[in-house]
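Raw target.pdb, PDB, C-alpha atoms, pLDDT in the B column:
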ATOM      1  CA  MET X   1     178.599  39.094 165.743  1.00 44.00           C
ATOM      2  CA  ASP X   2     178.328  40.570 162.235  1.00 42.00           C
ATOM      3  CA  THR X   3     175.450  38.921 160.380  1.00 43.00           C
ATOM      4  CA  ARG X   4     176.412  40.480 157.061  1.00 45.00           C
ATOM      5  CA  SER X   5     178.585  38.418 154.768  1.00 50.00           C
ATOM      6  CA  ALA X   6     179.924  38.655 151.274  1.00 54.00           C
ATOM      7  CA  PRO X   7     177.620  37.075 148.689  1.00 59.00           C
ATOM      8  CA  GLN X   8     178.396  33.413 148.152  1.00 62.00           C
ATOM      9  CA  PHE X   9     178.569  31.809 144.738  1.00 59.00           C
ATOM     10  CA  ASN X  10     175.660  29.576 143.829  1.00 58.00           C
ATOM     11  CA  GLU X  11     177.141  26.338 142.424  1.00 58.00           C
ATOM     12  CA  ASP X  12     173.998  25.782 140.337  1.00 55.00           C
ATOM     13  CA  ALA X  13     174.903  28.937 138.353  1.00 51.00           C
ATOM     14  CA  ALA X  14     178.068  27.295 136.996  1.00 57.00           C
ATOM     15  CA  ASN X  15     177.938  26.918 133.235  1.00 61.00           C
ATOM     16  CA  SER X  16     180.609  25.616 130.854  1.00 77.00           C
ATOM     17  CA  THR X  17     179.555  27.722 127.839  1.00 86.00           C
ATOM     18  CA  PRO X  18     180.410  31.420 127.684  1.00 93.00           C
ATOM     19  CA  SER X  19     177.522  33.881 127.911  1.00 94.00           C
ATOM     20  CA  TRP X  20     177.168  37.625 128.257  1.00 95.00           C
ATOM     21  CA  TYR X  21     176.406  38.915 131.749  1.00 95.00           C
ATOM     22  CA  THR X  22     175.535  42.395 132.959  1.00 95.00           C
ATOM     23  CA  ILE X  23     177.663  43.768 135.784  1.00 95.00           C
ATOM     24  CA  HIS X  24     176.478  46.671 137.942  1.00 95.00           C
ATOM     25  CA  THR X  25     179.134  49.292 138.760  1.00 95.00           C
ATOM     26  CA  TYR X  26     179.240  52.668 140.418  1.00 94.00           C
ATOM     27  CA  ALA X  27     177.932  55.178 137.847  1.00 90.00           C
ATOM     28  CA  GLY X  28     180.743  57.099 136.199  1.00 93.00           C
ATOM     29  CA  TYR X  29     183.297  54.350 136.874  1.00 95.00           C
ATOM     30  CA  GLU X  30     182.401  52.036 133.980  1.00 96.00           C
ATOM     31  CA  ASN X  31     185.654  52.668 132.063  1.00 95.00           C
ATOM     32  CA  ALA X  32     187.766  52.306 135.219  1.00 96.00           C
ATOM     33  CA  VAL X  33     186.041  49.008 136.043  1.00 96.00           C
ATOM     34  CA  GLU X  34     186.633  47.825 132.468  1.00 96.00           C
ATOM     35  CA  ARG X  35     190.383  48.623 132.754  1.00 96.00           C
ATOM     36  CA  ASN X  36     190.673  47.074 136.237  1.00 96.00           C
ATOM     37  CA  LEU X  37     188.838  43.936 135.218  1.00 96.00           C
ATOM     38  CA  LYS X  38     190.985  43.485 132.090  1.00 96.00           C
ATOM     39  CA  GLN X  39     194.141  43.871 134.234  1.00 96.00           C
ATOM     40  CA  ARG X  40     192.816  41.345 136.768  1.00 96.00           C
ATOM     41  CA  ILE X  41     191.956  38.859 134.003  1.00 95.00           C
ATOM     42  CA  GLU X  42     195.509  39.121 132.657  1.00 95.00           C
ATOM     43  CA  SER X  43     197.318  39.048 136.006  1.00 95.00           C
ATOM     44  CA  LEU X  44     195.202  36.194 137.423  1.00 95.00           C
ATOM     45  CA  GLY X  45     195.272  34.139 134.216  1.00 94.00           C
ATOM     46  CA  MET X  46     191.493  34.148 133.795  1.00 95.00           C
ATOM     47  CA  ASP X  47     191.545  34.593 129.989  1.00 93.00           C
ATOM     48  CA  LYS X  48     190.213  31.025 129.538  1.00 94.00           C
ATOM     49  CA  LYS X  49     187.065  31.893 131.513  1.00 95.00           C
ATOM     50  CA  ILE X  50     186.527  35.648 131.011  1.00 95.00           C
ATOM     51  CA  PHE X  51     186.705  36.602 127.339  1.00 96.00           C
ATOM     52  CA  GLU X  52     185.417  40.134 126.776  1.00 95.00           C
ATOM     53  CA  VAL X  53     184.618  43.217 128.830  1.00 96.00           C
ATOM     54  CA  VAL X  54     182.541  45.940 127.140  1.00 95.00           C
ATOM     55  CA  VAL X  55     181.168  49.324 128.187  1.00 95.00           C
ATOM     56  CA  PRO X  56     178.112  49.730 125.897  1.00 94.00           C
ATOM     57  CA  THR X  57     178.316  53.096 124.103  1.00 91.00           C
ATOM     58  CA  GLU X  58     176.751  54.656 121.029  1.00 88.00           C
ATOM     59  CA  LYS X  59     177.506  57.701 118.913  1.00 84.00           C
ATOM     60  CA  LYS X  60     175.333  60.794 119.412  1.00 79.00           C
ATOM     61  CA  VAL X  61     175.391  64.050 117.442  1.00 73.00           C
ATOM     62  CA  ARG X  62     175.455  67.230 119.545  1.00 71.00           C
ATOM     63  CA  VAL X  63     175.954  70.915 118.848  1.00 66.00           C
ATOM     64  CA  LYS X  64     178.775  72.483 120.863  1.00 69.00           C
ATOM     65  CA  GLY X  65     179.923  76.015 120.232  1.00 65.00           C
ATOM     66  CA  GLY X  66     177.809  76.169 117.074  1.00 62.00           C
ATOM     67  CA  LYS X  67     179.546  73.094 115.606  1.00 68.00           C
ATOM     68  CA  ARG X  68     178.314  69.545 115.232  1.00 71.00           C
ATOM     69  CA  VAL X  69     180.292  66.997 117.205  1.00 75.00           C
ATOM     70  CA  VAL X  70     179.879  63.252 117.456  1.00 78.00           C
ATOM     71  CA  GLU X  71     180.266  61.980 121.010  1.00 81.00           C
ATOM     72  CA  GLU X  72     180.307  58.522 122.533  1.00 87.00           C
ATOM     73  CA  GLU X  73     177.541  58.186 125.113  1.00 87.00           C
ATOM     74  CA  LYS X  74     177.009  55.296 127.506  1.00 91.00           C
ATOM     75  CA  ILE X  75     173.877  53.337 126.641  1.00 91.00           C
ATOM     76  CA  TYR X  76     173.445  51.992 130.186  1.00 91.00           C
ATOM     77  CA  PRO X  77     175.264  54.177 132.729  1.00 94.00           C
ATOM     78  CA  GLY X  78     176.355  52.086 135.705  1.00 95.00           C
ATOM     79  CA  TYR X  79     176.541  48.815 133.781  1.00 95.00           C
ATOM     80  CA  ILE X  80     179.145  46.904 131.786  1.00 96.00           C
ATOM     81  CA  LEU X  81     178.937  43.621 129.897  1.00 96.00           C
ATOM     82  CA  VAL X  82     181.217  40.641 130.426  1.00 96.00           C
ATOM     83  CA  LYS X  83     181.393  37.522 128.252  1.00 96.00           C
ATOM     84  CA  MET X  84     182.470  34.697 130.497  1.00 95.00           C
ATOM     85  CA  ILE X  85     182.062  31.156 131.721  1.00 94.00           C
ATOM     86  CA  VAL X  86     180.622  31.494 135.209  1.00 91.00           C
ATOM     87  CA  ASP X  87     182.230  29.350 137.876  1.00 91.00           C
ATOM     88  CA  GLU X  88     183.372  30.086 141.402  1.00 89.00           C
ATOM     89  CA  ASP X  89     186.770  31.481 140.298  1.00 92.00           C
ATOM     90  CA  SER X  90     185.542  33.751 137.487  1.00 92.00           C
ATOM     91  CA  TRP X  91     182.588  34.925 139.597  1.00 91.00           C
ATOM     92  CA  PHE X  92     184.992  35.835 142.420  1.00 92.00           C
ATOM     93  CA  VAL X  93     187.348  37.773 140.095  1.00 94.00           C
ATOM     94  CA  VAL X  94     184.541  39.885 138.619  1.00 94.00           C
ATOM     95  CA  ARG X  95     182.629  40.323 141.885  1.00 92.00           C
ATOM     96  CA  ASN X  96     185.731  41.530 143.740  1.00 94.00           C
ATOM     97  CA  THR X  97     186.906  44.035 141.148  1.00 95.00           C
ATOM     98  CA  PRO X  98     186.934  47.524 142.701  1.00 95.00           C
ATOM     99  CA  ARG X  99     183.702  49.503 142.096  1.00 95.00           C
ATOM    100  CA  VAL X 100     181.733  46.441 140.965  1.00 94.00           C
ATOM    101  CA  THR X 101     178.566  46.145 143.031  1.00 92.00           C
ATOM    102  CA  GLY X 102     177.438  42.819 141.584  1.00 91.00           C
ATOM    103  CA  PHE X 103     175.957  40.827 138.755  1.00 91.00           C
ATOM    104  CA  VAL X 104     172.495  41.550 137.456  1.00 89.00           C
ATOM    105  CA  GLY X 105     170.420  38.521 138.379  1.00 82.00           C
ATOM    106  CA  SER X 106     168.341  37.013 141.108  1.00 70.00           C
ATOM    107  CA  GLY X 107     170.113  36.763 144.448  1.00 69.00           C
ATOM    108  CA  THR X 108     173.583  35.307 143.958  1.00 69.00           C
ATOM    109  CA  THR X 109     172.777  33.712 140.608  1.00 76.00           C
ATOM    110  CA  PRO X 110     174.047  35.713 137.618  1.00 86.00           C
ATOM    111  CA  VAL X 111     171.507  35.624 134.803  1.00 90.00           C
ATOM    112  CA  PRO X 112     172.932  35.558 131.260  1.00 93.00           C
ATOM    113  CA  MET X 113     171.612  38.039 128.720  1.00 93.00           C
ATOM    114  CA  GLU X 114     169.352  36.803 125.929  1.00 93.00           C
ATOM    115  CA  GLU X 115     171.281  36.304 122.667  1.00 92.00           C
ATOM    116  CA  SER X 116     168.819  38.606 120.846  1.00 93.00           C
ATOM    117  CA  GLU X 117     169.544  41.388 123.397  1.00 92.00           C
ATOM    118  CA  VAL X 118     173.289  41.021 122.860  1.00 92.00           C
ATOM    119  CA  THR X 119     172.944  41.042 119.053  1.00 91.00           C
ATOM    120  CA  SER X 120     170.729  44.124 119.130  1.00 90.00           C
ATOM    121  CA  LEU X 121     173.069  45.949 121.525  1.00 90.00           C
ATOM    122  CA  MET X 122     176.216  45.125 119.505  1.00 89.00           C
ATOM    123  CA  LYS X 123     174.502  46.368 116.331  1.00 88.00           C
ATOM    124  CA  ARG X 124     173.549  49.596 118.120  1.00 86.00           C
ATOM    125  CA  MET X 125     177.128  50.049 119.355  1.00 87.00           C
ATOM    126  CA  GLY X 126     178.586  49.508 115.868  1.00 83.00           C
ATOM    127  CA  ALA X 127     176.251  51.962 114.165  1.00 76.00           C
ATOM    128  CA  GLU X 128     177.597  55.102 112.598  1.00 70.00           C
ATOM    129  CA  ALA X 129     176.610  58.482 113.983  1.00 62.00           C
ATOM    130  CA  PRO X 130     172.886  58.782 113.394  1.00 60.00           C
ATOM    131  CA  LYS X 131     171.745  60.431 110.200  1.00 59.00           C
ATOM    132  CA  HIS X 132     168.826  62.553 111.277  1.00 59.00           C
ATOM    133  CA  ARG X 133     165.915  63.093 108.998  1.00 60.00           C
ATOM    134  CA  ILE X 134     164.895  66.717 109.124  1.00 67.00           C
ATOM    135  CA  ASP X 135     161.182  66.785 109.836  1.00 75.00           C
ATOM    136  CA  LEU X 136     160.615  70.346 108.655  1.00 82.00           C
ATOM    137  CA  THR X 137     159.144  72.012 105.611  1.00 85.00           C
ATOM    138  CA  LYS X 138     159.478  75.515 104.204  1.00 89.00           C
ATOM    139  CA  ASP X 139     157.536  78.133 106.228  1.00 89.00           C
ATOM    140  CA  ASP X 140     157.314  75.982 109.393  1.00 91.00           C
ATOM    141  CA  ALA X 141     157.392  78.081 112.578  1.00 92.00           C
ATOM    142  CA  VAL X 142     160.431  77.227 114.717  1.00 93.00           C
ATOM    143  CA  ILE X 143     162.161  78.423 117.849  1.00 92.00           C
ATOM    144  CA  ILE X 144     165.950  78.561 118.135  1.00 90.00           C
ATOM    145  CA  ASN X 145     167.130  76.613 121.194  1.00 87.00           C
ATOM    146  CA  ASP X 146     170.920  77.064 120.954  1.00 84.00           C
ATOM    147  CA  GLY X 147     173.490  79.615 119.902  1.00 83.00           C
ATOM    148  CA  PRO X 148     173.522  83.415 119.766  1.00 85.00           C
ATOM    149  CA  PHE X 149     169.926  83.603 118.527  1.00 88.00           C
ATOM    150  CA  LYS X 150     168.570  81.390 121.298  1.00 90.00           C
ATOM    151  CA  ASP X 151     164.864  81.864 122.149  1.00 91.00           C
ATOM    152  CA  LEU X 152     164.125  83.791 118.937  1.00 91.00           C
ATOM    153  CA  GLU X 153     161.259  82.591 116.783  1.00 92.00           C
ATOM    154  CA  GLY X 154     161.389  82.370 113.027  1.00 93.00           C
ATOM    155  CA  LYS X 155     160.227  80.437 110.037  1.00 93.00           C
ATOM    156  CA  VAL X 156     162.036  77.948 107.857  1.00 92.00           C
ATOM    157  CA  GLY X 157     163.330  79.482 104.629  1.00 92.00           C
ATOM    158  CA  GLU X 158     165.538  76.705 103.176  1.00 90.00           C
ATOM    159  CA  ILE X 159     166.531  73.177 104.157  1.00 88.00           C
ATOM    160  CA  ASP X 160     169.858  71.555 103.246  1.00 84.00           C
ATOM    161  CA  GLU X 161     169.325  67.980 104.409  1.00 78.00           C
ATOM    162  CA  ASP X 162     172.763  66.756 103.198  1.00 74.00           C
ATOM    163  CA  ARG X 163     174.599  69.225 105.430  1.00 77.00           C
ATOM    164  CA  GLY X 164     171.994  69.147 108.233  1.00 78.00           C
ATOM    165  CA  LYS X 165     171.531  72.911 107.934  1.00 85.00           C
ATOM    166  CA  VAL X 166     168.398  75.033 107.938  1.00 90.00           C
ATOM    167  CA  LYS X 167     168.035  78.700 106.945  1.00 93.00           C
ATOM    168  CA  VAL X 168     165.652  80.329 109.378  1.00 94.00           C
ATOM    169  CA  LEU X 169     164.142  83.742 108.701  1.00 93.00           C
ATOM    170  CA  VAL X 170     164.286  85.659 111.983  1.00 93.00           C
ATOM    171  CA  ALA X 171     162.610  89.056 112.506  1.00 88.00           C
ATOM    172  CA  MET X 172     165.474  91.432 113.405  1.00 83.00           C
ATOM    173  CA  PHE X 173     165.839  95.153 112.878  1.00 80.00           C
ATOM    174  CA  GLY X 174     162.374  95.420 111.367  1.00 83.00           C
ATOM    175  CA  ARG X 175     162.914  92.837 108.637  1.00 88.00           C
ATOM    176  CA  GLU X 176     163.368  89.109 108.136  1.00 89.00           C
ATOM    177  CA  THR X 177     167.006  88.135 108.308  1.00 90.00           C
ATOM    178  CA  PRO X 178     168.166  84.663 107.151  1.00 91.00           C
ATOM    179  CA  VAL X 179     170.235  82.781 109.730  1.00 91.00           C
ATOM    180  CA  GLU X 180     171.880  79.452 108.877  1.00 90.00           C
ATOM    181  CA  LEU X 181     171.627  76.985 111.752  1.00 89.00           C
ATOM    182  CA  ASP X 182     172.236  73.337 112.371  1.00 84.00           C
ATOM    183  CA  PHE X 183     168.898  71.532 112.535  1.00 82.00           C
ATOM    184  CA  LEU X 184     169.791  70.458 116.097  1.00 82.00           C
ATOM    185  CA  GLN X 185     169.714  74.136 117.105  1.00 87.00           C
ATOM    186  CA  ILE X 186     166.014  74.569 116.354  1.00 88.00           C
ATOM    187  CA  ARG X 187     162.716  72.932 117.216  1.00 86.00           C
ATOM    188  CA  LYS X 188     159.322  73.117 115.599  1.00 88.00           C
ATOM    189  CA  ILE X 189     156.712  75.196 117.415  1.00 88.00           C
TER     190      ILE X 189
END
Could you render the structure from this file as structure tokens?
Amino acid sequence: MDTRSAPQFNEDAANSTPSWYTIHTYAGYENAVERNLKQRIESLGMDKKIFEVVVPTEKKVRVKGGKRVVEEEKIYPGYILVKMIVDEDSWFVVRNTPRVTGFVGSGTTPVPMEESEVTSLMKRMGAEAPKHRIDLTKDDAVIINDGPFKDLEGKVGEIDEDRGKVKVLVAMFGRETPVELDFLQIRKI
């Protein structure tokens, strides 16, 4: 006889007011789970109990191929947020969505997120790409960590904070040569 069984819903967890819950998924499948869950909500008529499904992401600035790009990055890989009224039906729909491993909570009781956590997270998600403050001054020693001059050392010649660019004087061919780099391509020594 198989002693394992699917988790059962705890009736005491039922709540008539919508709250945000954290759902654990297989890492890398957050967007697929979001799509599947939205389709299930629509096809099963659960839109009166499950209101929003969100994959928490934020904008990050990276340097790729010498250019600055803004990318969306998951804040919590392997987790999505769902605003819902928890009852046996809604719990079953979410729990049985492919690649969902369960609710974050104790045992079979989903624990709603604190309102302050949700507010803070939504603010973080809505933020523009971060404006980095360049913590360098003229003549600071730096090392280049990206691009064709990678691993060369130099010193800061000029800083253009508006554009996020730094002119670094690198010793090449027996003299100091100015090289314009994105500030993300260098680090202070």
What is the distance between atom CA of X:Lys123 and atom CA of X:Asp87, in Å to one decimal?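 Atom CA of X:Asp87 lies at a distance of 28.5 Å from atom CA of X:Lys123.
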Computed interatomic separation between atom CA of X:Ser116 and atom CA of X:Trp20 (Å): 11.2 Å
For this structure, which residues satisfy the selection - the PyMOL selection byres ((chain X and resi 122) around 12) - when it is evaluated on the file as given? I want them as a list in words. Trp20, Val54, Val55, Pro56, Thr57, Glu58, Ile75, Leu81, Glu115, Ser116, Glu117, Val118, Thr119, Ser120, Leu121, Lys123, Arg124, Met125, Gly126 and Ala127 of chain X
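When the PyMOL selection byres ((chain X and resi 134-138) around 10) is evaluated against the file, it yields Lys131, His132, Arg133, Asp139, Asp140, Ala141, Val142, Lys155, Val156, Gly157, Glu158, Ile159, Asp160, Glu161, Asp162, Gly164, Lys165, Val166, Lys167, Val168, Phe183, Leu184, Arg187 and Lys188 of chain X.
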For X:Ile23, which residue among X:Ser90, X:Gly105, X:Arg68, X:Arg62 is the nearest when counting all atoms listed in the file?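 Between X:Ser90, X:Gly105, X:Arg68, X:Arg62, the residue approaching X:Ile23 most closely is X:Gly105.
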If you take every atom of stretch 21-33 of chain X that the file lists and fit an axis-aligned box around them with 3 Å extra on each side, what centre and edge lengths come out in Å to one decimal, as lines of an AutoDock Vina configuration file?
center_x = 181.7
center_y = 48.0
center_z = 136.1
size_x = 18.2
size_y = 24.2
size_z = 14.7
